[in-house]
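This is query-v8.tsv (TSV, N, CA and C atoms).
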chain	number	residue	atom	x	y	z
A	1	MET	N	101.55	101.73	100.45
A	1	MET	CA	101.75	100.30	100.57
A	1	MET	C	102.59	100.02	101.82
A	2	TYR	N	102.25	98.93	102.47
A	2	TYR	CA	102.96	98.50	103.67
A	2	TYR	C	103.75	97.23	103.35
A	3	GLU	N	104.93	97.11	103.90
A	3	GLU	CA	105.73	95.90	103.77
A	3	GLU	C	105.56	95.09	105.04
A	4	VAL	N	105.23	93.81	104.87
A	4	VAL	CA	104.95	92.94	106.00
A	4	VAL	C	105.91	91.75	105.98
A	5	GLU	N	106.48	91.45	107.13
A	5	GLU	CA	107.30	90.27	107.34
A	5	GLU	C	106.65	89.49	108.47
A	6	MET	N	106.25	88.26	108.21
A	6	MET	CA	105.49	87.51	109.21
A	6	MET	C	106.02	86.09	109.31
A	7	LYS	N	106.13	85.61	110.55
A	7	LYS	CA	106.52	84.23	110.82
A	7	LYS	C	105.40	83.56	111.59
A	8	TYR	N	104.97	82.42	111.09
A	8	TYR	CA	103.91	81.67	111.76
A	8	TYR	C	104.47	80.96	112.99
A	9	ALA	N	103.64	80.75	114.00
A	9	ALA	CA	104.02	80.06	115.23
A	9	ALA	C	103.89	78.56	115.03
A	10	ASP	N	104.64	78.03	114.08
A	10	ASP	CA	104.64	76.61	113.75
A	10	ASP	C	106.08	76.13	113.88
A	11	LEU	N	106.31	75.18	114.74
A	11	LEU	CA	107.67	74.72	114.98
A	11	LEU	C	108.31	74.07	113.76
A	12	PHE	N	107.49	73.56	112.84
A	12	PHE	CA	108.02	72.86	111.68
A	12	PHE	C	108.20	73.77	110.48
A	13	ASN	N	107.62	74.95	110.51
A	13	ASN	CA	107.72	75.89	109.40
A	13	ASN	C	108.54	77.10	109.86
A	14	LEU	N	109.78	77.19	109.40
A	14	LEU	CA	110.66	78.27	109.82
A	14	LEU	C	110.76	79.38	108.78
A	15	ASP	N	110.00	79.25	107.70
A	15	ASP	CA	110.03	80.25	106.63
A	15	ASP	C	109.32	81.53	107.06
A	16	THR	N	109.81	82.63	106.56
A	16	THR	CA	109.19	83.93	106.79
A	16	THR	C	108.36	84.29	105.57
A	17	LEU	N	107.16	84.78	105.81
A	17	LEU	CA	106.26	85.19	104.74
A	17	LEU	C	106.42	86.70	104.55
A	18	ASN	N	106.81	87.12	103.36
A	18	ASN	CA	107.00	88.53	103.04
A	18	ASN	C	106.01	88.95	101.96
A	19	PHE	N	105.35	90.09	102.17
A	19	PHE	CA	104.42	90.61	101.17
A	19	PHE	C	104.19	92.09	101.40
A	20	THR	N	103.60	92.73	100.40
A	20	THR	CA	103.16	94.12	100.56
A	20	THR	C	101.64	94.13	100.54
A	21	CYS	N	101.07	95.11	101.22
A	21	CYS	CA	99.61	95.23	101.24
A	21	CYS	C	99.23	96.70	101.21
A	22	GLU	N	98.03	96.95	100.74
A	22	GLU	CA	97.53	98.31	100.61
A	22	GLU	C	97.00	98.84	101.94
A	23	ASN	N	96.40	97.95	102.73
A	23	ASN	CA	95.80	98.36	103.99
A	23	ASN	C	95.80	97.19	104.96
A	24	PHE	N	95.79	97.48	106.26
A	24	PHE	CA	95.68	96.43	107.25
A	24	PHE	C	94.89	96.94	108.44
A	25	ASP	N	94.33	96.00	109.19
A	25	ASP	CA	93.55	96.32	110.37
A	25	ASP	C	93.96	95.35	111.48
A	26	ILE	N	94.07	95.87	112.70
A	26	ILE	CA	94.42	95.06	113.85
A	26	ILE	C	93.23	95.08	114.80
A	27	ASN	N	92.80	93.88	115.22
A	27	ASN	CA	91.73	93.81	116.21
A	27	ASN	C	92.13	92.83	117.31
A	28	ASP	N	91.22	92.52	118.23
A	28	ASP	CA	91.57	91.67	119.35
A	28	ASP	C	91.82	90.21	118.96
A	29	LYS	N	91.36	89.79	117.79
A	29	LYS	CA	91.57	88.41	117.34
A	29	LYS	C	92.81	88.26	116.47
A	30	GLY	N	93.23	89.33	115.78
A	30	GLY	CA	94.39	89.22	114.91
A	30	GLY	C	94.50	90.34	113.91
A	31	TYR	N	94.97	90.01	112.72
A	31	TYR	CA	95.25	90.98	111.68
A	31	TYR	C	94.45	90.65	110.42
A	32	LYS	N	94.05	91.69	109.72
A	32	LYS	CA	93.41	91.53	108.41
A	32	LYS	C	94.18	92.43	107.43
A	33	PHE	N	94.68	91.82	106.38
A	33	PHE	CA	95.43	92.54	105.35
A	33	PHE	C	94.59	92.58	104.08
A	34	GLU	N	94.65	93.71	103.37
A	34	GLU	CA	93.87	93.89	102.15
A	34	GLU	C	94.78	94.21	100.97
A	35	ASN	N	94.39	93.69	99.80
A	35	ASN	CA	95.10	93.92	98.54
A	35	ASN	C	96.59	93.58	98.67
A	36	ILE	N	96.84	92.30	98.85
A	36	ILE	CA	98.17	91.78	99.10
A	36	ILE	C	98.86	91.42	97.79
A	37	ILE	N	100.11	91.82	97.67
A	37	ILE	CA	100.93	91.44	96.52
A	37	ILE	C	102.08	90.59	97.07
A	38	MET	N	102.13	89.32	96.59
A	38	MET	CA	103.13	88.38	97.07
A	38	MET	C	103.65	87.57	95.89
A	39	ASN	N	104.94	87.61	95.67
A	39	ASN	CA	105.56	86.92	94.54
A	39	ASN	C	104.87	87.30	93.24
A	40	ASN	N	104.21	86.38	92.58
A	40	ASN	CA	103.58	86.67	91.29
A	40	ASN	C	102.07	86.65	91.35
A	41	PHE	N	101.48	86.90	92.51
A	41	PHE	CA	100.02	86.89	92.57
A	41	PHE	C	99.51	87.95	93.53
A	42	ILE	N	98.20	88.19	93.46
A	42	ILE	CA	97.52	89.20	94.28
A	42	ILE	C	96.38	88.54	95.02
A	43	LEU	N	96.26	88.82	96.32
A	43	LEU	CA	95.15	88.34	97.14
A	43	LEU	C	94.29	89.53	97.55
A	44	ASN	N	93.00	89.32	97.60
A	44	ASN	CA	92.08	90.37	98.01
A	44	ASN	C	92.22	90.67	99.50
A	45	TYR	N	92.24	89.61	100.32
A	45	TYR	CA	92.45	89.81	101.76
A	45	TYR	C	93.02	88.55	102.40
A	46	LEU	N	93.62	88.74	103.56
A	46	LEU	CA	94.18	87.65	104.35
A	46	LEU	C	93.93	87.98	105.81
A	47	GLU	N	93.35	87.03	106.53
A	47	GLU	CA	93.13	87.19	107.97
A	47	GLU	C	94.00	86.18	108.71
A	48	VAL	N	94.69	86.65	109.76
A	48	VAL	CA	95.57	85.80	110.55
A	48	VAL	C	95.25	86.00	112.02
A	49	ASN	N	95.07	84.90	112.76
A	49	ASN	CA	94.80	84.97	114.19
A	49	ASN	C	96.08	85.25	114.98
A	50	ASN	N	95.94	85.94	116.10
A	50	ASN	CA	97.09	86.27	116.95
A	50	ASN	C	97.88	85.04	117.37
A	51	GLU	N	97.19	83.96	117.72
A	51	GLU	CA	97.89	82.77	118.23
A	51	GLU	C	98.68	82.05	117.14
A	52	ASP	N	98.47	82.39	115.88
A	52	ASP	CA	99.20	81.76	114.78
A	52	ASP	C	100.48	82.52	114.41
A	53	ILE	N	100.71	83.67	115.02
A	53	ILE	CA	101.83	84.53	114.65
A	53	ILE	C	102.93	84.47	115.71
A	54	ALA	N	104.16	84.17	115.26
A	54	ALA	CA	105.31	84.20	116.16
A	54	ALA	C	106.01	85.55	116.09
A	55	LEU	N	106.03	86.15	114.91
A	55	LEU	CA	106.69	87.43	114.70
A	55	LEU	C	106.01	88.16	113.57
A	56	ILE	N	105.81	89.46	113.73
A	56	ILE	CA	105.27	90.26	112.64
A	56	ILE	C	105.91	91.65	112.67
A	57	LYS	N	106.33	92.10	111.50
A	57	LYS	CA	106.88	93.45	111.33
A	57	LYS	C	106.11	94.10	110.19
A	58	ILE	N	105.63	95.30	110.43
A	58	ILE	CA	104.91	96.06	109.41
A	58	ILE	C	105.60	97.41	109.27
A	59	LYS	N	106.04	97.70	108.05
A	59	LYS	CA	106.74	98.98	107.80
A	59	LYS	C	105.90	99.82	106.88

Encoding of this model in structure tokens:
Amino acid sequence: MYEVEMKYADLFNLDTLNFTCENFDINDKGYKFENIIMNNFILNYLEVNNEDIALIKIK
């Protein structure tokens, strides 16, 4: 499992999104995360474009 800390490039949203995921892929358009566990729910996948990300840390 990977721990992800992500901040969106939105001037009005200063919150950091934290979640764990089973797998991720990086391509020229952005990131794709699979089997995400966040708070009390599970997502199958999440895709985020590079231009929407201000900060990302993956451990």

Shell of 7 Å around A:Val48, only N, CA and C atoms, local chain residues under 3 positions omitted, as a VMD selection string: chain A and resid 29 to 33 51 to 53

I'd like the neighbourhood of A:Ala54 as number ranges by chain, where a residue qualifies if any of its atoms comes within 6 Å (using only N, CA and C atoms), though same-chain residues fewer than 3 positions away should be ignored. A: 7-9

Emit the selected residues as a JSON list (two decimals), in the frame of the given file, including N, CA and C atoms.
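That gives us selection-v5.json:
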[["chain", "number", "residue", "atom", "x", "y", "z"],
["A", 7, "LYS", "N", 106.13, 85.61, 110.55],
["A", 7, "LYS", "CA", 106.52, 84.23, 110.82],
["A", 7, "LYS", "C", 105.40, 83.56, 111.59],
["A", 8, "TYR", "N", 104.97, 82.42, 111.09],
["A", 8, "TYR", "CA", 103.91, 81.67, 111.76],
["A", 8, "TYR", "C", 104.47, 80.96, 112.99],
["A", 9, "ALA", "N", 103.64, 80.75, 114.00],
["A", 9, "ALA", "CA", 104.02, 80.06, 115.23],
["A", 9, "ALA", "C", 103.89, 78.56, 115.03]]

I need the residue nearest A:Met38 from this list: A:Met1, A:Met6, A:Cys21, A:Ile56. Use all atoms listed in the file for the distance.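 Using all atoms listed in the file, the shortest distance to A:Met38 belongs to A:Cys21.
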
By how many Å are atom CA of A:Phe41 and atom CA of A:Asn18 apart?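 Computing it gives 12.7 Å between the two atoms.
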
Would you mind reading off the distance between atom CA of A:Phe12 and atom CA of A:Leu46, one decimal, in Å?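 Here the two named atoms are 21.5 Å from each other.
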
What box, with edges along x, y and z, holds each listed atom of stretch 40-51 of chain A when 6 Å is added on every side, and can you state its centre and edge lengths in Å to one decimal, as lines of an AutoDock Vina configuration file?
center_x = 98.1
center_y = 86.4
center_z = 104.8
size_x = 24.1
size_y = 20.6
size_z = 38.9

All strand (DSSP E or B) residues (DSSP, backbone) inside chain A, as a PDB file with N, CA and C atoms, in the coordinates of the input:
ATOM      1  N   TYR A   2     102.250  98.930 102.470  1.00  0.00           N
ATOM      2  CA  TYR A   2     102.960  98.500 103.670  1.00  0.00           C
ATOM      3  C   TYR A   2     103.750  97.230 103.350  1.00  0.00           C
ATOM      4  N   GLU A   3     104.930  97.110 103.900  1.00  0.00           N
ATOM      5  CA  GLU A   3     105.730  95.900 103.770  1.00  0.00           C
ATOM      6  C   GLU A   3     105.560  95.090 105.040  1.00  0.00           C
ATOM      7  N   VAL A   4     105.230  93.810 104.870  1.00  0.00           N
ATOM      8  CA  VAL A   4     104.950  92.940 106.000  1.00  0.00           C
ATOM      9  C   VAL A   4     105.910  91.750 105.980  1.00  0.00           C
ATOM     10  N   GLU A   5     106.480  91.450 107.130  1.00  0.00           N
ATOM     11  CA  GLU A   5     107.300  90.270 107.340  1.00  0.00           C
ATOM     12  C   GLU A   5     106.650  89.490 108.470  1.00  0.00           C
ATOM     13  N   MET A   6     106.250  88.260 108.210  1.00  0.00           N
ATOM     14  CA  MET A   6     105.490  87.510 109.210  1.00  0.00           C
ATOM     15  C   MET A   6     106.020  86.090 109.310  1.00  0.00           C
ATOM     16  N   LYS A   7     106.130  85.610 110.550  1.00  0.00           N
ATOM     17  CA  LYS A   7     106.520  84.230 110.820  1.00  0.00           C
ATOM     18  C   LYS A   7     105.400  83.560 111.590  1.00  0.00           C
ATOM     19  N   TYR A   8     104.970  82.420 111.090  1.00  0.00           N
ATOM     20  CA  TYR A   8     103.910  81.670 111.760  1.00  0.00           C
ATOM     21  C   TYR A   8     104.470  80.960 112.990  1.00  0.00           C
ATOM     22  N   THR A  16     109.810  82.630 106.560  1.00  0.00           N
ATOM     23  CA  THR A  16     109.190  83.930 106.790  1.00  0.00           C
ATOM     24  C   THR A  16     108.360  84.290 105.570  1.00  0.00           C
ATOM     25  N   LEU A  17     107.160  84.780 105.810  1.00  0.00           N
ATOM     26  CA  LEU A  17     106.260  85.190 104.740  1.00  0.00           C
ATOM     27  C   LEU A  17     106.420  86.700 104.550  1.00  0.00           C
ATOM     28  N   ASN A  18     106.810  87.120 103.360  1.00  0.00           N
ATOM     29  CA  ASN A  18     107.000  88.530 103.040  1.00  0.00           C
ATOM     30  C   ASN A  18     106.010  88.950 101.960  1.00  0.00           C
ATOM     31  N   PHE A  19     105.350  90.090 102.170  1.00  0.00           N
ATOM     32  CA  PHE A  19     104.420  90.610 101.170  1.00  0.00           C
ATOM     33  C   PHE A  19     104.190  92.090 101.400  1.00  0.00           C
ATOM     34  N   THR A  20     103.600  92.730 100.400  1.00  0.00           N
ATOM     35  CA  THR A  20     103.160  94.120 100.560  1.00  0.00           C
ATOM     36  C   THR A  20     101.640  94.130 100.540  1.00  0.00           C
ATOM     37  N   CYS A  21     101.070  95.110 101.220  1.00  0.00           N
ATOM     38  CA  CYS A  21      99.610  95.230 101.240  1.00  0.00           C
ATOM     39  C   CYS A  21      99.230  96.700 101.210  1.00  0.00           C
ATOM     40  N   GLU A  22      98.030  96.950 100.740  1.00  0.00           N
ATOM     41  CA  GLU A  22      97.530  98.310 100.610  1.00  0.00           C
ATOM     42  C   GLU A  22      97.000  98.840 101.940  1.00  0.00           C
ATOM     43  N   ASN A  23      96.400  97.950 102.730  1.00  0.00           N
ATOM     44  CA  ASN A  23      95.800  98.360 103.990  1.00  0.00           C
ATOM     45  C   ASN A  23      95.800  97.190 104.960  1.00  0.00           C
ATOM     46  N   PHE A  24      95.790  97.480 106.260  1.00  0.00           N
ATOM     47  CA  PHE A  24      95.680  96.430 107.250  1.00  0.00           C
ATOM     48  C   PHE A  24      94.890  96.940 108.440  1.00  0.00           C
ATOM     49  N   ASP A  25      94.330  96.000 109.190  1.00  0.00           N
ATOM     50  CA  ASP A  25      93.550  96.320 110.370  1.00  0.00           C
ATOM     51  C   ASP A  25      93.960  95.350 111.480  1.00  0.00           C
ATOM     52  N   ILE A  26      94.070  95.870 112.700  1.00  0.00           N
ATOM     53  CA  ILE A  26      94.420  95.060 113.850  1.00  0.00           C
ATOM     54  C   ILE A  26      93.230  95.080 114.800  1.00  0.00           C
ATOM     55  N   GLY A  30      93.230  89.330 115.780  1.00  0.00           N
ATOM     56  CA  GLY A  30      94.390  89.220 114.910  1.00  0.00           C
ATOM     57  C   GLY A  30      94.500  90.340 113.910  1.00  0.00           C
ATOM     58  N   TYR A  31      94.970  90.010 112.720  1.00  0.00           N
ATOM     59  CA  TYR A  31      95.250  90.980 111.680  1.00  0.00           C
ATOM     60  C   TYR A  31      94.450  90.650 110.420  1.00  0.00           C
ATOM     61  N   LYS A  32      94.050  91.690 109.720  1.00  0.00           N
ATOM     62  CA  LYS A  32      93.410  91.530 108.410  1.00  0.00           C
ATOM     63  C   LYS A  32      94.180  92.430 107.430  1.00  0.00           C
ATOM     64  N   PHE A  33      94.680  91.820 106.380  1.00  0.00           N
ATOM     65  CA  PHE A  33      95.430  92.540 105.350  1.00  0.00           C
ATOM     66  C   PHE A  33      94.590  92.580 104.080  1.00  0.00           C
ATOM     67  N   GLU A  34      94.650  93.710 103.370  1.00  0.00           N
ATOM     68  CA  GLU A  34      93.870  93.890 102.150  1.00  0.00           C
ATOM     69  C   GLU A  34      94.780  94.210 100.970  1.00  0.00           C
ATOM     70  N   ASN A  35      94.390  93.690  99.800  1.00  0.00           N
ATOM     71  CA  ASN A  35      95.100  93.920  98.540  1.00  0.00           C
ATOM     72  C   ASN A  35      96.590  93.580  98.670  1.00  0.00           C
ATOM     73  N   ILE A  36      96.840  92.300  98.850  1.00  0.00           N
ATOM     74  CA  ILE A  36      98.170  91.780  99.100  1.00  0.00           C
ATOM     75  C   ILE A  36      98.860  91.420  97.790  1.00  0.00           C
ATOM     76  N   ILE A  37     100.110  91.820  97.670  1.00  0.00           N
ATOM     77  CA  ILE A  37     100.930  91.440  96.520  1.00  0.00           C
ATOM     78  C   ILE A  37     102.080  90.590  97.070  1.00  0.00           C
ATOM     79  N   MET A  38     102.130  89.320  96.590  1.00  0.00           N
ATOM     80  CA  MET A  38     103.130  88.380  97.070  1.00  0.00           C
ATOM     81  C   MET A  38     103.650  87.570  95.890  1.00  0.00           C
ATOM     82  N   PHE A  41     101.480  86.900  92.510  1.00  0.00           N
ATOM     83  CA  PHE A  41     100.020  86.890  92.570  1.00  0.00           C
ATOM     84  C   PHE A  41      99.510  87.950  93.530  1.00  0.00           C
ATOM     85  N   ILE A  42      98.200  88.190  93.460  1.00  0.00           N
ATOM     86  CA  ILE A  42      97.520  89.200  94.280  1.00  0.00           C
ATOM     87  C   ILE A  42      96.380  88.540  95.020  1.00  0.00           C
ATOM     88  N   LEU A  43      96.260  88.820  96.320  1.00  0.00           N
ATOM     89  CA  LEU A  43      95.150  88.340  97.140  1.00  0.00           C
ATOM     90  C   LEU A  43      94.290  89.530  97.550  1.00  0.00           C
ATOM     91  N   ASN A  44      93.000  89.320  97.600  1.00  0.00           N
ATOM     92  CA  ASN A  44      92.080  90.370  98.010  1.00  0.00           C
ATOM     93  C   ASN A  44      92.220  90.670  99.500  1.00  0.00           C
ATOM     94  N   TYR A  45      92.240  89.610 100.320  1.00  0.00           N
ATOM     95  CA  TYR A  45      92.450  89.810 101.760  1.00  0.00           C
ATOM     96  C   TYR A  45      93.020  88.550 102.400  1.00  0.00           C
ATOM     97  N   LEU A  46      93.620  88.740 103.560  1.00  0.00           N
ATOM     98  CA  LEU A  46      94.180  87.650 104.350  1.00  0.00           C
ATOM     99  C   LEU A  46      93.930  87.980 105.810  1.00  0.00           C
ATOM    100  N   GLU A  47      93.350  87.030 106.530  1.00  0.00           N
ATOM    101  CA  GLU A  47      93.130  87.190 107.970  1.00  0.00           C
ATOM    102  C   GLU A  47      94.000  86.180 108.710  1.00  0.00           C
ATOM    103  N   VAL A  48      94.690  86.650 109.760  1.00  0.00           N
ATOM    104  CA  VAL A  48      95.570  85.800 110.550  1.00  0.00           C
ATOM    105  C   VAL A  48      95.250  86.000 112.020  1.00  0.00           C
ATOM    106  N   ASN A  49      95.070  84.900 112.760  1.00  0.00           N
ATOM    107  CA  ASN A  49      94.800  84.970 114.190  1.00  0.00           C
ATOM    108  C   ASN A  49      96.080  85.250 114.980  1.00  0.00           C
ATOM    109  N   ILE A  53     100.710  83.670 115.020  1.00  0.00           N
ATOM    110  CA  ILE A  53     101.830  84.530 114.650  1.00  0.00           C
ATOM    111  C   ILE A  53     102.930  84.470 115.710  1.00  0.00           C
ATOM    112  N   ALA A  54     104.160  84.170 115.260  1.00  0.00           N
ATOM    113  CA  ALA A  54     105.310  84.200 116.160  1.00  0.00           C
ATOM    114  C   ALA A  54     106.010  85.550 116.090  1.00  0.00           C
ATOM    115  N   LEU A  55     106.030  86.150 114.910  1.00  0.00           N
ATOM    116  CA  LEU A  55     106.690  87.430 114.700  1.00  0.00           C
ATOM    117  C   LEU A  55     106.010  88.160 113.570  1.00  0.00           C
ATOM    118  N   ILE A  56     105.810  89.460 113.730  1.00  0.00           N
ATOM    119  CA  ILE A  56     105.270  90.260 112.640  1.00  0.00           C
ATOM    120  C   ILE A  56     105.910  91.650 112.670  1.00  0.00           C
ATOM    121  N   LYS A  57     106.330  92.100 111.500  1.00  0.00           N
ATOM    122  CA  LYS A  57     106.880  93.450 111.330  1.00  0.00           C
ATOM    123  C   LYS A  57     106.110  94.100 110.190  1.00  0.00           C
ATOM    124  N   ILE A  58     105.630  95.300 110.430  1.00  0.00           N
ATOM    125  CA  ILE A  58     104.910  96.060 109.410  1.00  0.00           C
ATOM    126  C   ILE A  58     105.600  97.410 109.270  1.00  0.00           C
TER     127      ILE A  58
END

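The gap separating atom C of A:Asp10 from atom N of A:Asn44 is 24.7 Å, in Å to one decimal.
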
Which residues are near A:Glu22? Cut-off 9 Å, only C-alpha atoms, ignore same chain within fewer than 5 positions. Put them as a PyMOL selection string. chain A and resi 1-2+33-37

Contacts of A:Val4 within 6 Å, only C-alpha atoms, excl. fewer than 5 positions in-chain, as a list in words: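 What passes the distance filter is Asn18, Phe19, Thr20, Lys57 and Ile58 of chain A.
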